[in-house]
$ cat entry_29.txt   # compact mmCIF, C-alpha atoms (C1' of nucleotides)
# COMPACT_ATOMS: atom_id res chain seq x y z
CA MET A 1 -46.80 3.73 51.80
CA ALA A 2 -47.88 0.94 54.05
CA ALA A 3 -51.52 0.50 53.25
CA VAL A 4 -53.14 -2.20 55.33
CA ASP A 5 -55.17 -5.19 54.17
CA LEU A 6 -58.76 -4.46 55.09
CA THR A 7 -59.72 -8.11 54.92
CA THR A 8 -57.85 -8.55 58.20
CA HIS A 9 -59.91 -5.81 59.84
CA PRO A 10 -62.91 -7.21 61.67
CA GLY A 11 -64.76 -3.91 61.54
CA HIS A 12 -64.52 -3.82 57.79
CA LEU A 13 -65.69 -7.41 57.54
CA ALA A 14 -68.58 -6.69 59.90
CA ARG A 15 -69.72 -3.84 57.70
CA ARG A 16 -69.52 -5.97 54.57
CA LEU A 17 -71.43 -8.75 56.29
CA GLN A 18 -74.19 -6.40 57.24
CA GLN A 19 -74.40 -5.00 53.73
CA ALA A 20 -74.64 -8.49 52.34
CA HIS A 21 -77.42 -9.25 54.77
CA TYR A 22 -79.26 -6.02 53.98
CA LEU A 23 -79.22 -6.93 50.32
CA LEU A 24 -80.58 -10.42 50.88
CA TRP A 25 -83.23 -9.19 53.30
CA ASN A 26 -84.44 -6.69 50.74
CA THR A 27 -84.85 -9.28 48.03
CA MET A 28 -86.00 -12.27 50.07
CA VAL A 29 -87.91 -10.89 53.05
CA SER A 30 -89.34 -7.41 52.60
CA GLU A 31 -88.71 -4.05 51.00
CA GLU A 32 -91.03 -2.35 53.46
CA ILE A 33 -90.10 -3.78 56.83
CA THR A 34 -86.43 -3.69 57.73
CA SER A 35 -84.53 -6.14 59.85
CA PRO A 36 -84.38 -3.84 62.90
CA GLN A 37 -88.11 -3.22 62.55
CA PHE A 38 -88.72 -6.95 62.52
CA ALA A 39 -86.58 -7.28 65.64
CA VAL A 40 -88.85 -4.81 67.42
CA LEU A 41 -92.00 -6.63 66.31
CA ASN A 42 -90.43 -9.84 67.52
CA ALA A 43 -89.56 -8.40 70.92
CA LEU A 44 -93.16 -7.29 71.37
CA VAL A 45 -94.50 -10.68 70.37
CA ALA A 46 -92.33 -12.19 73.07
CA GLU A 47 -93.16 -9.57 75.68
CA PRO A 48 -96.20 -7.44 74.94
CA GLY A 49 -96.46 -4.17 76.82
CA LEU A 50 -92.77 -3.38 77.06
CA ASP A 51 -91.77 0.25 77.20
CA GLN A 52 -89.59 1.85 74.53
CA ARG A 53 -86.34 1.78 76.43
CA THR A 54 -86.64 -1.89 77.26
CA VAL A 55 -87.47 -2.84 73.71
CA GLY A 56 -84.36 -1.00 72.64
CA GLU A 57 -82.38 -2.95 75.17
CA ARG A 58 -83.79 -6.25 73.92
CA VAL A 59 -82.92 -5.62 70.30
CA GLY A 60 -79.78 -3.58 70.82
CA LEU A 61 -80.86 -0.08 69.83
CA ASP A 62 -80.23 3.13 71.73
CA ARG A 63 -83.01 5.44 72.91
CA SER A 64 -82.90 7.71 69.87
CA THR A 65 -82.87 5.00 67.27
CA ILE A 66 -85.60 2.97 68.91
CA ALA A 67 -87.81 6.08 68.95
CA GLU A 68 -87.42 6.46 65.20
CA VAL A 69 -88.03 2.81 64.45
CA ILE A 70 -91.14 2.81 66.62
CA SER A 71 -92.53 5.92 64.99
CA ARG A 72 -92.19 4.22 61.60
CA LEU A 73 -93.92 1.09 62.83
CA MET A 74 -96.67 3.22 64.27
CA ARG A 75 -97.06 5.07 60.97
CA ARG A 76 -97.63 1.68 59.37
CA GLU A 77 -100.08 0.88 62.15
CA LEU A 78 -98.18 -2.19 63.23
CA LEU A 79 -98.09 -1.15 66.88
CA ASP A 80 -99.74 1.08 69.46
CA LYS A 81 -98.22 3.30 72.10
CA VAL A 82 -100.05 4.13 75.34
CA ARG A 83 -98.94 6.11 78.36
CA ASP A 84 -98.34 3.91 81.36
CA PRO A 85 -100.94 4.94 83.95
CA GLN A 86 -98.55 3.73 86.65
CA ASP A 87 -95.63 5.77 85.38
CA GLY A 88 -96.31 8.82 83.27
CA ARG A 89 -92.87 8.78 81.71
CA ARG A 90 -93.29 5.46 79.95
CA TYR A 91 -95.11 4.45 76.83
CA LEU A 92 -96.35 0.87 76.76
CA LEU A 93 -96.11 -0.81 73.38
CA HIS A 94 -98.42 -3.42 71.88
CA LEU A 95 -98.65 -4.91 68.43
CA THR A 96 -101.82 -4.36 66.45
CA ASP A 97 -103.46 -7.33 64.74
CA GLU A 98 -101.80 -6.19 61.56
CA GLY A 99 -98.51 -6.10 63.41
CA LYS A 100 -98.93 -9.67 64.60
CA ARG A 101 -99.88 -10.78 61.12
CA THR A 102 -96.83 -9.09 59.65
CA HIS A 103 -94.56 -10.68 62.22
CA ARG A 104 -95.90 -14.13 61.45
CA LYS A 105 -95.51 -13.65 57.73
CA LEU A 106 -91.96 -12.35 57.98
CA THR A 107 -90.91 -15.05 60.41
CA LEU A 108 -91.29 -17.62 57.65
CA ARG A 109 -89.41 -15.57 55.14
CA THR A 110 -86.53 -14.75 57.47
CA ALA A 111 -86.09 -18.43 58.19
CA ARG A 112 -85.73 -19.10 54.47
CA MET A 113 -83.40 -16.18 54.06
CA ASN A 114 -81.18 -17.28 56.91
CA GLN A 115 -80.81 -20.65 55.26
CA VAL A 116 -79.67 -19.06 52.04
CA PHE A 117 -77.42 -16.62 53.86
CA LEU A 118 -75.71 -19.35 55.85
CA GLY A 119 -75.82 -21.77 52.96
CA PRO A 120 -72.07 -21.55 52.27
CA LEU A 121 -71.34 -22.92 55.76
CA SER A 122 -71.73 -26.45 57.04
CA ALA A 123 -73.89 -27.04 60.11
CA ASP A 124 -70.82 -27.17 62.32
CA GLU A 125 -69.41 -24.03 60.82
CA GLN A 126 -72.70 -22.24 61.39
CA THR A 127 -72.50 -23.07 65.07
CA VAL A 128 -68.95 -21.75 65.25
CA PHE A 129 -69.98 -18.66 63.28
CA PHE A 130 -72.66 -17.78 65.84
CA ASP A 131 -70.39 -18.53 68.75
CA LEU A 132 -67.45 -16.44 67.56
CA ILE A 133 -69.48 -13.41 66.58
CA GLN A 134 -71.38 -13.52 69.81
CA ARG A 135 -68.27 -13.76 71.94
CA VAL A 136 -66.61 -10.83 70.19
CA SER A 137 -69.75 -8.69 70.40
CA ASP A 138 -70.38 -9.49 74.04
CA ALA A 139 -66.81 -8.78 75.02
CA ALA A 140 -66.80 -5.42 73.25
CA GLU A 141 -70.15 -4.53 74.79
CA GLY A 142 -68.70 -5.42 78.16
CA LEU A 143 -66.12 -2.70 77.69
CA ARG A 144 -68.91 -0.16 77.57
CA ASN A 145 -69.80 -0.08 81.22
CA PRO A 146 -66.73 -0.73 83.28
CA ALA A 147 -68.63 -3.00 85.63
CA GLU A 148 -65.60 -5.22 85.32
CA PRO A 149 -62.73 -3.07 84.19
CA LEU A 150 -60.27 -5.32 82.45
CA ALA A 151 -57.51 -2.78 82.84
CA ALA A 152 -56.86 -3.21 86.51
CA THR A 153 -58.50 -0.83 88.90
CA ARG A 154 -60.38 -2.13 91.76
CA THR A 155 -61.18 0.14 94.62
CA MET B 1 -97.15 -16.20 69.39
CA ALA B 2 -93.91 -17.79 68.43
CA ALA B 3 -91.30 -15.15 68.79
CA VAL B 4 -87.96 -16.19 67.34
CA ASP B 5 -84.56 -16.19 68.99
CA LEU B 6 -82.63 -13.35 67.42
CA THR B 7 -79.31 -14.80 68.49
CA THR B 8 -79.80 -17.39 65.76
CA HIS B 9 -80.27 -14.67 63.14
CA PRO B 10 -77.02 -13.82 61.39
CA GLY B 11 -78.28 -10.42 60.33
CA HIS B 12 -79.00 -9.46 63.89
CA LEU B 13 -75.58 -10.68 64.97
CA ALA B 14 -73.92 -8.78 62.14
CA ARG B 15 -75.58 -5.59 63.26
CA ARG B 16 -74.55 -6.13 66.86
CA LEU B 17 -71.01 -6.88 65.78
CA GLN B 18 -70.81 -3.67 63.84
CA GLN B 19 -72.19 -1.67 66.72
CA ALA B 20 -69.62 -3.21 69.04
CA HIS B 21 -66.92 -2.26 66.59
CA TYR B 22 -68.22 1.26 66.18
CA LEU B 23 -68.06 1.72 69.92
CA LEU B 24 -64.53 0.46 70.21
CA TRP B 25 -63.38 2.50 67.23
CA ASN B 26 -64.78 5.62 68.79
CA THR B 27 -62.97 5.12 72.06
CA MET B 28 -59.71 3.59 70.83
CA VAL B 29 -59.07 5.02 67.38
CA SER B 30 -60.76 8.32 66.62
CA GLU B 31 -63.89 10.35 67.25
CA GLU B 32 -63.27 12.42 64.14
CA ILE B 33 -62.37 9.92 61.46
CA THR B 34 -64.71 6.98 61.06
CA SER B 35 -63.88 3.47 59.98
CA PRO B 36 -65.26 3.91 56.44
CA GLN B 37 -63.31 7.14 56.12
CA PHE B 38 -60.15 5.34 57.14
CA ALA B 39 -60.89 2.66 54.56
CA VAL B 40 -60.99 5.36 51.86
CA LEU B 41 -57.72 6.91 53.03
CA ASN B 42 -56.19 3.45 53.02
CA ALA B 43 -57.37 2.71 49.49
CA LEU B 44 -55.77 5.93 48.29
CA VAL B 45 -52.51 5.15 50.04
CA ALA B 46 -52.45 1.85 48.19
CA GLU B 47 -53.50 3.33 44.85
CA PRO B 48 -53.16 7.10 44.56
CA GLY B 49 -55.15 8.73 41.80
CA LEU B 50 -58.12 6.40 41.80
CA ASP B 51 -61.46 7.82 40.76
CA GLN B 52 -64.45 7.91 43.10
CA ARG B 53 -66.27 4.95 41.73
CA THR B 54 -63.25 2.69 41.95
CA VAL B 55 -62.48 3.74 45.50
CA GLY B 56 -66.05 2.86 46.38
CA GLU B 57 -65.57 -0.51 44.78
CA ARG B 58 -62.37 -1.12 46.74
CA VAL B 59 -63.90 -0.36 50.12
CA GLY B 60 -67.43 -1.60 49.43
CA LEU B 61 -69.42 1.61 49.22
CA ASP B 62 -71.96 2.58 46.57
CA ARG B 63 -71.63 5.69 44.45
CA SER B 64 -73.82 7.87 46.68
CA THR B 65 -72.22 6.93 49.95
CA ILE B 66 -68.69 7.25 48.63
CA ALA B 67 -69.53 10.77 47.42
CA GLU B 68 -70.58 11.78 50.92
CA VAL B 69 -67.57 10.22 52.60
CA ILE B 70 -65.24 11.90 50.16
CA SER B 71 -66.85 15.28 50.63
CA ARG B 72 -66.27 14.97 54.38
CA LEU B 73 -62.66 14.00 53.90
CA MET B 74 -62.23 16.94 51.57
CA ARG B 75 -63.80 19.28 54.11
CA ARG B 76 -61.14 18.09 56.55
CA GLU B 77 -58.55 18.64 53.83
CA LEU B 78 -57.36 15.06 53.93
CA LEU B 79 -57.70 14.59 50.18
CA ASP B 80 -57.92 16.45 46.87
CA LYS B 81 -60.20 15.92 43.93
CA VAL B 82 -59.16 16.86 40.39
CA ARG B 83 -60.95 16.39 37.09
CA ASP B 84 -59.30 13.76 34.95
CA PRO B 85 -58.01 15.61 31.86
CA GLN B 86 -58.33 12.35 29.92
CA ASP B 87 -61.95 11.77 30.92
CA GLY B 88 -64.06 14.72 31.98
CA ARG B 89 -66.48 12.56 33.91
CA ARG B 90 -63.97 11.34 36.45
CA TYR B 91 -62.43 12.96 39.48
CA LEU B 92 -58.98 11.71 40.42
CA LEU B 93 -58.35 11.49 44.14
CA HIS B 94 -55.10 12.04 46.02
CA LEU B 95 -54.33 12.30 49.72
CA THR B 96 -52.93 15.56 51.03
CA ASP B 97 -49.89 15.44 53.29
CA GLU B 98 -52.24 15.81 56.20
CA GLY B 99 -54.23 12.87 54.84
CA LYS B 100 -51.14 10.70 54.68
CA ARG B 101 -50.18 11.70 58.18
CA THR B 102 -53.63 10.89 59.48
CA HIS B 103 -53.61 7.52 57.78
CA ARG B 104 -50.27 6.63 59.33
CA LYS B 105 -51.39 7.68 62.78
CA LEU B 106 -54.66 5.76 62.61
CA THR B 107 -53.01 2.66 61.21
CA LEU B 108 -51.21 2.17 64.50
CA ARG B 109 -54.33 2.72 66.54
CA THR B 110 -56.52 0.42 64.46
CA ALA B 111 -53.96 -2.34 64.89
CA ARG B 112 -54.20 -1.98 68.66
CA MET B 113 -57.97 -1.80 68.50
CA ASN B 114 -58.21 -4.94 66.39
CA GLN B 115 -56.18 -6.79 68.98
CA VAL B 116 -58.56 -5.77 71.73
CA PHE B 117 -61.59 -6.47 69.58
CA LEU B 118 -60.41 -9.96 68.69
CA GLY B 119 -58.92 -10.53 72.11
CA PRO B 120 -61.63 -12.99 73.19
CA LEU B 121 -60.63 -15.35 70.37
CA SER B 122 -57.57 -17.56 70.11
CA ALA B 123 -55.31 -17.16 67.10
CA ASP B 124 -56.92 -20.16 65.43
CA GLU B 125 -60.38 -18.89 66.13
CA GLN B 126 -59.48 -15.53 64.64
CA THR B 127 -58.50 -17.23 61.42
CA VAL B 128 -61.79 -19.11 61.32
CA PHE B 129 -63.67 -15.92 62.17
CA PHE B 130 -62.23 -14.13 59.14
CA ASP B 131 -62.79 -17.09 56.89
CA LEU B 132 -66.42 -17.69 57.81
CA ILE B 133 -67.47 -14.06 57.61
CA GLN B 134 -65.71 -13.65 54.32
CA ARG B 135 -67.31 -16.72 52.77
CA VAL B 136 -70.80 -15.68 53.83
CA SER B 137 -70.32 -12.12 52.59
CA ASP B 138 -68.85 -13.17 49.28
CA ALA B 139 -71.60 -15.69 48.62
CA ALA B 140 -74.33 -13.16 49.37
CA GLU B 141 -72.65 -10.61 47.17
CA GLY B 142 -72.60 -13.16 44.39
CA LEU B 143 -76.39 -13.34 44.57
CA ARG B 144 -76.62 -9.67 43.64
CA ASN B 145 -77.41 -10.26 40.01
CA PRO B 146 -79.79 -13.19 40.06
CA ALA B 147 -80.25 -14.72 36.65
CA GLU B 148 -83.68 -15.87 37.76
CA PRO B 149 -86.25 -14.22 39.99
CA LEU B 150 -85.88 -15.43 43.54
CA ALA B 151 -88.64 -13.17 44.81
CA ALA B 152 -91.53 -15.46 44.08
CA THR B 153 -91.52 -19.02 42.84
CA ARG B 154 -88.46 -21.10 42.65
CA THR B 155 -88.99 -23.30 39.65
C1' DA C 1 -93.39 19.56 101.62
C1' DC C 2 -89.12 20.56 99.05
C1' DT C 3 -85.12 19.80 96.91
C1' DC C 4 -82.32 16.62 94.24
C1' DA C 5 -81.08 12.72 91.56
C1' DT C 6 -82.84 9.47 88.37
C1' DT C 7 -85.27 7.98 84.53
C1' DA C 8 -88.24 7.82 79.85
C1' DA C 9 -88.70 10.06 75.99
C1' DT C 10 -87.68 13.84 72.56
C1' DC C 11 -84.85 16.85 69.73
C1' DA C 12 -80.78 18.64 67.21
C1' DG C 13 -76.99 17.31 64.77
C1' DG C 14 -73.59 14.33 62.36
C1' DG C 15 -72.48 10.17 59.76
C1' DC C 16 -73.39 5.68 57.08
C1' DA C 17 -76.04 3.15 53.42
C1' DC C 18 -79.26 2.21 49.72
C1' DT C 19 -82.43 3.26 45.54
C1' DG C 20 -84.04 5.85 41.72
C1' DA C 21 -83.89 9.93 38.90
C1' DC C 22 -80.98 13.26 36.66
C1' DT C 23 -76.72 15.71 34.30
C1' DA C 24 -72.65 15.67 31.80
C1' DT C 25 -69.27 13.40 29.29
C1' DT C 26 -67.49 9.74 26.54
C1' DT C 27 -67.82 6.02 23.26
C1' DA C 28 -69.96 2.99 20.03
C1' DT C 29 -72.67 2.59 16.07
C1' DA C 30 -75.96 3.32 12.45
C1' DT D 1 -71.60 12.60 11.66
C1' DA D 2 -75.65 12.26 14.22
C1' DT D 3 -77.55 9.65 17.57
C1' DA D 4 -77.85 6.14 21.04
C1' DA D 5 -75.77 3.60 24.87
C1' DA D 6 -72.76 3.53 28.62
C1' DT D 7 -70.42 5.68 32.43
C1' DA D 8 -69.05 9.09 36.52
C1' DG D 9 -70.94 11.85 39.51
C1' DT D 10 -74.86 14.46 41.85
C1' DC D 11 -79.30 14.96 44.14
C1' DA D 12 -83.63 13.72 46.58
C1' DG D 13 -85.64 10.64 49.60
C1' DT D 14 -85.76 6.96 53.24
C1' DG D 15 -83.88 4.52 57.05
C1' DC D 16 -80.35 3.16 60.55
C1' DC D 17 -77.17 4.64 64.35
C1' DC D 18 -74.85 7.39 67.67
C1' DT D 19 -73.96 11.50 71.17
C1' DG D 20 -75.26 15.40 73.89
C1' DA D 21 -78.79 18.55 75.50
C1' DT D 22 -83.49 19.09 77.04
C1' DT D 23 -88.18 18.12 79.09
C1' DA D 24 -91.31 15.79 81.98
C1' DA D 25 -92.36 12.61 85.50
C1' DT D 26 -90.93 9.83 89.45
C1' DG D 27 -88.70 8.67 93.78
C1' DA D 28 -85.60 9.62 97.80
C1' DG D 29 -83.78 12.07 101.53
C1' DT D 30 -84.25 15.64 104.41
$ encode --input "entry_29.txt" --output "structure tokens"
Amino acid sequence: MAAVDLTTHPGHLARRLQQAHYLLWNTMVSEEITSPQFAVLNALVAEPGLDQRTVGERVGLDRSTIAEVISRLMRRELLDKVRDPQDGRRYLLHLTDEGKRTHRKLTLRTARMNQVFLGPLSADEQTVFFDLIQRVSDAAEGLRNPAEPLAATRT
Amino acid sequence: MAAVDLTTHPGHLARRLQQAHYLLWNTMVSEEITSPQFAVLNALVAEPGLDQRTVGERVGLDRSTIAEVISRLMRRELLDKVRDPQDGRRYLLHLTDEGKRTHRKLTLRTARMNQVFLGPLSADEQTVFFDLIQRVSDAAEGLRNPAEPLAATRT
DNA sequence: ACTCATTAATCAGGGCACTGACTATTTATA
DNA sequence: TATAAATAGTCAGTGCCCTGATTAATGAGT
């Protein structure tokens, strides 16, 4: 009795959206490099020499996941990892030439894919789409660290 | 050179949205039962006696993933699996009493969680949110079986 | 200097998600 | 009826994603 309608569940919709994206990425962008891997390449193009933790922060991956993604990128020789001489705990990350080349190539394809993906929406709707998703994500993320507990409490 | 802004990439946003949801689910709904597992329970409340493949279709999981999810639910004794006497390939799935109880309990919690999750949006915005995500997902899903190769050349 | 807390990274373990290859059963057809 | 095609489910392999425990290096306070 009383089954719910999953199409009114944002979590379910989020999962479906990601699956749809995964599918399109695979056919239109790359079967080798995944979307999270591209995000890491992109972060290192923007800020070469970041350490692992910070890259994870930039692209939204926790310490364990980022370690795995980086090890795969290293296996493909798309980036290098060097101990920080200033701080022996850190590894500093840099793209190889091959890594930069790959990033440039995929940048074009992702742009095309995004157009197809968002094709069903008008320009205005696309703006709203970004805005709404971002606001929901940010708010939920904000609940992580009670820097600003919404449920009262001050002290 | 030329790093892109990931906040304009729907795939990246979709991933972040799902992560945000995962987090909230974990804290507000259950640490034992996951959102996909709940979706399976829900499908079987709506239509008892479905076979594996069809359940997967209902909740948007492929044959391999649904098999894993079901085996976990069976390990927790939330559902039963019986060979279809009419068709020896199929397994027919039914919730146990415990499964029904769990579904009922989680239904309440997910409703509360969805309210928090969507809290940042007005009622109108929530409607738009569902509509936009759904349209994008459906369209991408429709591209699954491309009549023509979209990998290379377009004409 | 020495202890102690913090921090970067790793590891173990569990779960989700896909593809491609394989088994077993059913069904269509030659 | 014998065989071929289709279908349900499993298995192997890869990758993403999280938590909790551990290790190594740093930095602070005494």
$ calpha_fit_rmsd --input "entry_29.txt" --fixed "chain B" --moving "chain A"
2.5 Å
$ interface_residues --input "entry_29.txt" --of "chain B" --to "chain C" --cutoff "9 Å" --atoms "only C-alpha atoms (C1' of nucleotides)" --output "MDAnalysis selection string"
chainID B and resid 34 36 61:62 64:65 69 87:89
$ interface_residues --input "entry_29.txt" --of "chain D" --to "chain A" --cutoff "9 Å" --atoms "all atoms listed in the file" --output "mmCIF file with C-alpha atoms (C1' of nucleotides), in the coordinates of the input"
data_model
loop_
_atom_site.group_PDB
_atom_site.id
_atom_site.type_symbol
_atom_site.label_atom_id
_atom_site.label_comp_id
_atom_site.auth_asym_id
_atom_site.auth_seq_id
_atom_site.Cartn_x
_atom_site.Cartn_y
_atom_site.Cartn_z
ATOM 1 C "C1'" DG D 15 -83.880 4.520 57.050
ATOM 2 C "C1'" DC D 16 -80.350 3.160 60.550
ATOM 3 C "C1'" DC D 17 -77.170 4.640 64.350
ATOM 4 C "C1'" DC D 18 -74.850 7.390 67.670
ATOM 5 C "C1'" DA D 24 -91.310 15.790 81.980
ATOM 6 C "C1'" DA D 25 -92.360 12.610 85.500
ATOM 7 C "C1'" DT D 26 -90.930 9.830 89.450
#
$ closest_residue --input "entry_29.txt" --among "B:Ser35, B:Thr102, B:Gln52, B:Asn26" --to "chain A" --atoms "only C-alpha atoms"
B:Ser35
$ closest_residue --input "entry_29.txt" --among "B:Glu47, B:Glu57, B:Glu141, B:Asp84" --to "chain A" --atoms "all atoms listed in the file"
B:Glu141
$ closest_atom_pairs --input "entry_29.txt" --of "chain A" --to "chain B" --cutoff "8 Å" --atoms "only C-alpha atoms" --output "Markdown table"
| residue | atom | partner | partner_atom | distance |
| --- | --- | --- | --- | --- |
| A:Met1 | CA | B:Val45 | CA | 6.1 |
| A:Ala2 | CA | B:Val45 | CA | 7.4 |
| A:Ala3 | CA | B:Ala46 | CA | 5.3 |
| A:Val4 | CA | B:Asn42 | CA | 6.8 |
| A:Leu6 | CA | B:Ala39 | CA | 7.5 |
| A:Thr7 | CA | B:Phe130 | CA | 7.8 |
| A:Thr8 | CA | B:Phe130 | CA | 7.2 |
| A:His9 | CA | B:Asn114 | CA | 6.8 |
| A:Pro10 | CA | B:Asn114 | CA | 7.0 |
| A:Gly11 | CA | B:His21 | CA | 5.7 |
| A:His12 | CA | B:Ser35 | CA | 7.6 |
| A:Leu13 | CA | B:Ile133 | CA | 6.9 |
| A:Ala14 | CA | B:Gln18 | CA | 5.4 |
| A:Arg15 | CA | B:Gln18 | CA | 6.2 |
| A:Arg16 | CA | B:Ser137 | CA | 6.5 |
| A:Leu17 | CA | B:Ser137 | CA | 5.1 |
| A:Gln18 | CA | B:Ala14 | CA | 5.5 |
| A:Ala20 | CA | B:Ala140 | CA | 5.5 |
| A:His21 | CA | B:Gly11 | CA | 5.7 |
| A:Tyr22 | CA | B:Gly11 | CA | 7.8 |
| A:Leu23 | CA | B:Arg144 | CA | 7.7 |
| A:Leu24 | CA | B:Ala140 | CA | 7.0 |
| A:Thr27 | CA | B:Ala151 | CA | 6.3 |
| A:Met28 | CA | B:Ala151 | CA | 6.0 |
| A:Ser35 | CA | B:Gly11 | CA | 7.6 |
| A:Pro36 | CA | B:His12 | CA | 7.8 |
| A:Ala39 | CA | B:Leu6 | CA | 7.5 |
| A:Asn42 | CA | B:Ala3 | CA | 5.5 |
| A:Ala43 | CA | B:Ala3 | CA | 7.3 |
| A:Val45 | CA | B:Ala3 | CA | 5.7 |
| A:Ala46 | CA | B:Ala3 | CA | 5.3 |
| A:Gly60 | CA | B:Arg16 | CA | 7.0 |
| A:Thr107 | CA | B:Val4 | CA | 7.6 |
| A:Asn114 | CA | B:His9 | CA | 6.8 |
| A:Phe117 | CA | B:Ala140 | CA | 6.5 |
| A:Leu118 | CA | B:Val136 | CA | 6.5 |
| A:Gly119 | CA | B:Val136 | CA | 7.9 |
| A:Pro120 | CA | B:Val136 | CA | 6.2 |
| A:Leu121 | CA | B:Leu132 | CA | 7.5 |
| A:Glu125 | CA | B:Leu132 | CA | 7.6 |
| A:Phe129 | CA | B:Leu132 | CA | 6.6 |
| A:Phe130 | CA | B:Thr8 | CA | 7.2 |
| A:Leu132 | CA | B:Phe129 | CA | 6.6 |
| A:Ile133 | CA | B:Leu17 | CA | 6.8 |
| A:Gln134 | CA | B:Leu13 | CA | 7.0 |
| A:Arg135 | CA | B:Pro120 | CA | 6.8 |
| A:Val136 | CA | B:Pro120 | CA | 6.2 |
| A:Ser137 | CA | B:Leu17 | CA | 5.1 |
| A:Ala139 | CA | B:Pro120 | CA | 6.9 |
| A:Ala140 | CA | B:Ala20 | CA | 5.5 |
| A:Glu141 | CA | B:Ala20 | CA | 5.9 |
| A:Arg144 | CA | B:Leu23 | CA | 7.9 |
$ atom_distance --input "entry_29.txt" --atom1 "atom CA of Ser71 of chain A" --atom2 "atom CA of Leu106 of chain A"
19.6 Å
$ atom_distance --input "entry_29.txt" --atom1 "atom CA of Glu98 of chain B" --atom2 "atom C1' of DG20 of chain D"
29.0 Å
$ atom_distance --input "entry_29.txt" --atom1 "atom CA of Thr96 of chain A" --atom2 "atom CA of Arg109 of chain A"
20.2 Å
